[in-house]
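Have a look at the structure below before the remarks.
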Amino acid sequence: MEVENLLKIVVDACDDKHGYDIVAYDLTNAGVLYDYSVICHAPTSRQVEAIAAEVREKVLENNVNIYSTEGLREAKWILMDLGDVIVNILTRDDREYYELDALFEKHPLKEV
């Protein structure tokens with residue numbers, strides 16, 4: 001599957017479960033091991049879990065490997081490694097605390 005199609009599936013899954021402020025940073029020219037970093041947040045850990053479950057379901061429906069998933073126990077920050085796309089789903093408080101967007105702000109946003 002082309003990475004742009006995978007990115008669209010991920011962003012649509014986050015949107016379907018009402019993820020907030022969904023962004024996809026384009027890291028294709030950054031020299032890292034993946035092409036895109038998707039970040040979104042939700043007001044509660046229960047909703048973070050629901051978004052992660054939707055991403056998992058949609059990705060597996062499209063026969064894409066999930067290499068790793070971290071953070072499911074506490075569901076404050078769930079990180080999913082899909083190879084060329086990394087997905088970060090956080091609670092609003094954790095997104096503000098860790099300032100993950102500041103890490104990627106020098107990279108362009110990908111329109112999806």
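Residues are named by chain letter and number: chains run A, B, ... in the order of the structure tokens, numbers start at 1 in each chain, and ligands are numbered from 1 in the order shown.
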
DSSP on the backbone: what in chain A comes out helix (DSSP H, G or I), as a CSV table (one decimal) with N, CA and C atoms, in the first residue's frame?
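What landed in selection-v6.csv:
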chain,number,residue,atom,x,y,z
A,3,VAL,N,2.1,4.9,0.9
A,3,VAL,CA,2.1,5.5,2.2
A,3,VAL,C,1.1,6.6,2.3
A,4,GLU,N,0.8,7.3,1.2
A,4,GLU,CA,-0.3,8.3,1.3
A,4,GLU,C,-1.6,7.7,1.5
A,5,ASN,N,-1.9,6.5,1.0
A,5,ASN,CA,-3.2,5.9,1.3
A,5,ASN,C,-3.3,5.5,2.7
A,6,LEU,N,-2.2,4.9,3.3
A,6,LEU,CA,-2.1,4.6,4.7
A,6,LEU,C,-2.4,5.8,5.6
A,7,LEU,N,-1.7,6.9,5.2
A,7,LEU,CA,-1.9,8.1,6.0
A,7,LEU,C,-3.4,8.5,6.0
A,8,LYS,N,-4.0,8.5,4.8
A,8,LYS,CA,-5.4,8.9,4.7
A,8,LYS,C,-6.3,7.9,5.6
A,9,ILE,N,-6.0,6.6,5.6
A,9,ILE,CA,-6.8,5.7,6.4
A,9,ILE,C,-6.6,6.1,7.9
A,10,VAL,N,-5.4,6.4,8.3
A,10,VAL,CA,-5.2,6.7,9.7
A,10,VAL,C,-5.9,8.0,10.1
A,11,VAL,N,-5.7,9.0,9.3
A,11,VAL,CA,-6.4,10.3,9.6
A,11,VAL,C,-7.9,10.2,9.6
A,12,ASP,N,-8.4,9.4,8.7
A,12,ASP,CA,-9.9,9.2,8.6
A,12,ASP,C,-10.4,8.5,9.9
A,13,ALA,N,-9.6,7.5,10.3
A,13,ALA,CA,-10.0,6.7,11.5
A,13,ALA,C,-10.0,7.6,12.7
A,14,CYS,N,-9.0,8.5,12.8
A,14,CYS,CA,-8.9,9.4,14.0
A,14,CYS,C,-10.1,10.3,13.9
A,15,ASP,N,-10.4,10.8,12.7
A,15,ASP,CA,-11.6,11.7,12.6
A,15,ASP,C,-12.9,11.0,12.9
A,16,ASP,N,-13.0,9.8,12.4
A,16,ASP,CA,-14.3,9.1,12.6
A,16,ASP,C,-14.6,8.9,14.1
A,45,SER,N,-9.1,9.4,28.5
A,45,SER,CA,-8.3,8.2,28.1
A,45,SER,C,-9.2,7.2,27.4
A,46,ARG,N,-10.5,7.2,27.8
A,46,ARG,CA,-11.4,6.2,27.1
A,46,ARG,C,-11.6,6.6,25.6
A,47,GLN,N,-11.6,7.8,25.3
A,47,GLN,CA,-11.7,8.2,23.9
A,47,GLN,C,-10.4,8.0,23.2
A,48,VAL,N,-9.3,8.2,23.9
A,48,VAL,CA,-7.9,7.8,23.3
A,48,VAL,C,-7.9,6.3,22.9
A,49,GLU,N,-8.4,5.5,23.8
A,49,GLU,CA,-8.5,4.1,23.5
A,49,GLU,C,-9.4,3.8,22.3
A,50,ALA,N,-10.5,4.5,22.2
A,50,ALA,CA,-11.5,4.3,21.1
A,50,ALA,C,-10.8,4.7,19.8
A,51,ILE,N,-10.1,5.8,19.8
A,51,ILE,CA,-9.4,6.2,18.5
A,51,ILE,C,-8.4,5.2,18.1
A,52,ALA,N,-7.6,4.7,19.1
A,52,ALA,CA,-6.6,3.7,18.8
A,52,ALA,C,-7.2,2.4,18.3
A,53,ALA,N,-8.3,2.0,18.8
A,53,ALA,CA,-9.0,0.8,18.4
A,53,ALA,C,-9.5,1.0,16.9
A,54,GLU,N,-10.0,2.1,16.6
A,54,GLU,CA,-10.5,2.4,15.2
A,54,GLU,C,-9.3,2.4,14.3
A,55,VAL,N,-8.2,3.0,14.6
A,55,VAL,CA,-7.0,3.0,13.8
A,55,VAL,C,-6.6,1.6,13.5
A,56,ARG,N,-6.5,0.8,14.6
A,56,ARG,CA,-6.1,-0.6,14.5
A,56,ARG,C,-7.0,-1.4,13.6
A,57,GLU,N,-8.3,-1.2,13.7
A,57,GLU,CA,-9.3,-1.9,12.9
A,57,GLU,C,-9.2,-1.6,11.4
A,58,LYS,N,-9.1,-0.3,11.1
A,58,LYS,CA,-9.0,0.2,9.7
A,58,LYS,C,-7.7,-0.2,9.1
A,59,VAL,N,-6.6,-0.2,9.8
A,59,VAL,CA,-5.3,-0.6,9.3
A,59,VAL,C,-5.3,-2.1,9.0
A,60,LEU,N,-5.8,-2.9,9.9
A,60,LEU,CA,-5.8,-4.3,9.7
A,60,LEU,C,-6.7,-4.7,8.6
A,61,GLU,N,-7.9,-4.0,8.4
A,61,GLU,CA,-8.8,-4.3,7.3
A,61,GLU,C,-8.1,-4.1,6.0
A,92,ARG,N,-5.7,15.4,26.0
A,92,ARG,CA,-5.3,16.8,25.8
A,92,ARG,C,-4.2,17.3,26.7
A,93,ASP,N,-4.4,16.9,28.0
A,93,ASP,CA,-3.4,17.3,29.0
A,93,ASP,C,-2.0,16.8,28.6
A,94,ASP,N,-1.9,15.6,28.2
A,94,ASP,CA,-0.6,15.0,27.8
A,94,ASP,C,0.0,15.7,26.6
A,95,ARG,N,-0.9,16.0,25.6
A,95,ARG,CA,-0.4,16.7,24.4
A,95,ARG,C,0.2,18.1,24.8
A,96,GLU,N,-0.5,18.8,25.7
A,96,GLU,CA,0.0,20.1,26.1
A,96,GLU,C,1.3,19.9,26.9
A,97,TYR,N,1.4,18.9,27.8
A,97,TYR,CA,2.5,18.7,28.7
A,97,TYR,C,3.8,18.3,27.9
A,98,TYR,N,3.7,17.3,27.0
A,98,TYR,CA,4.8,16.8,26.3
A,98,TYR,C,5.2,17.7,25.1
A,100,LEU,N,4.6,17.6,22.0
A,100,LEU,CA,5.0,16.8,20.9
A,100,LEU,C,5.0,17.6,19.6
A,101,ASP,N,4.0,18.5,19.4
A,101,ASP,CA,3.9,19.3,18.2
A,101,ASP,C,5.2,20.2,18.0
A,102,ALA,N,5.7,20.6,19.1
A,102,ALA,CA,6.9,21.5,19.0
A,102,ALA,C,8.1,20.8,18.5
A,103,LEU,N,8.1,19.4,18.7
A,103,LEU,CA,9.2,18.6,18.2
A,103,LEU,C,9.2,18.6,16.6
A,104,PHE,N,8.0,18.6,16.1
A,104,PHE,CA,7.8,18.5,14.6
A,104,PHE,C,7.5,19.8,13.9

*Just give me the gap between atom CA of Val85 of chain A and atom CA of Pro43 of chain A in Å, one decimal is fine.*
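The value is 23.3 Å.
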
*Select from segment 6-102 of chain A everything DSSP, run on the backbone, classes as strand (DSSP E), then give the selection as a ChimeraX atom specification.*
/A:20-26,36-42,68-70,77-81,85-91

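The space between atom CA of Lys17 of chain A and atom CA of Met1 of chain A spans 23.1 Å.
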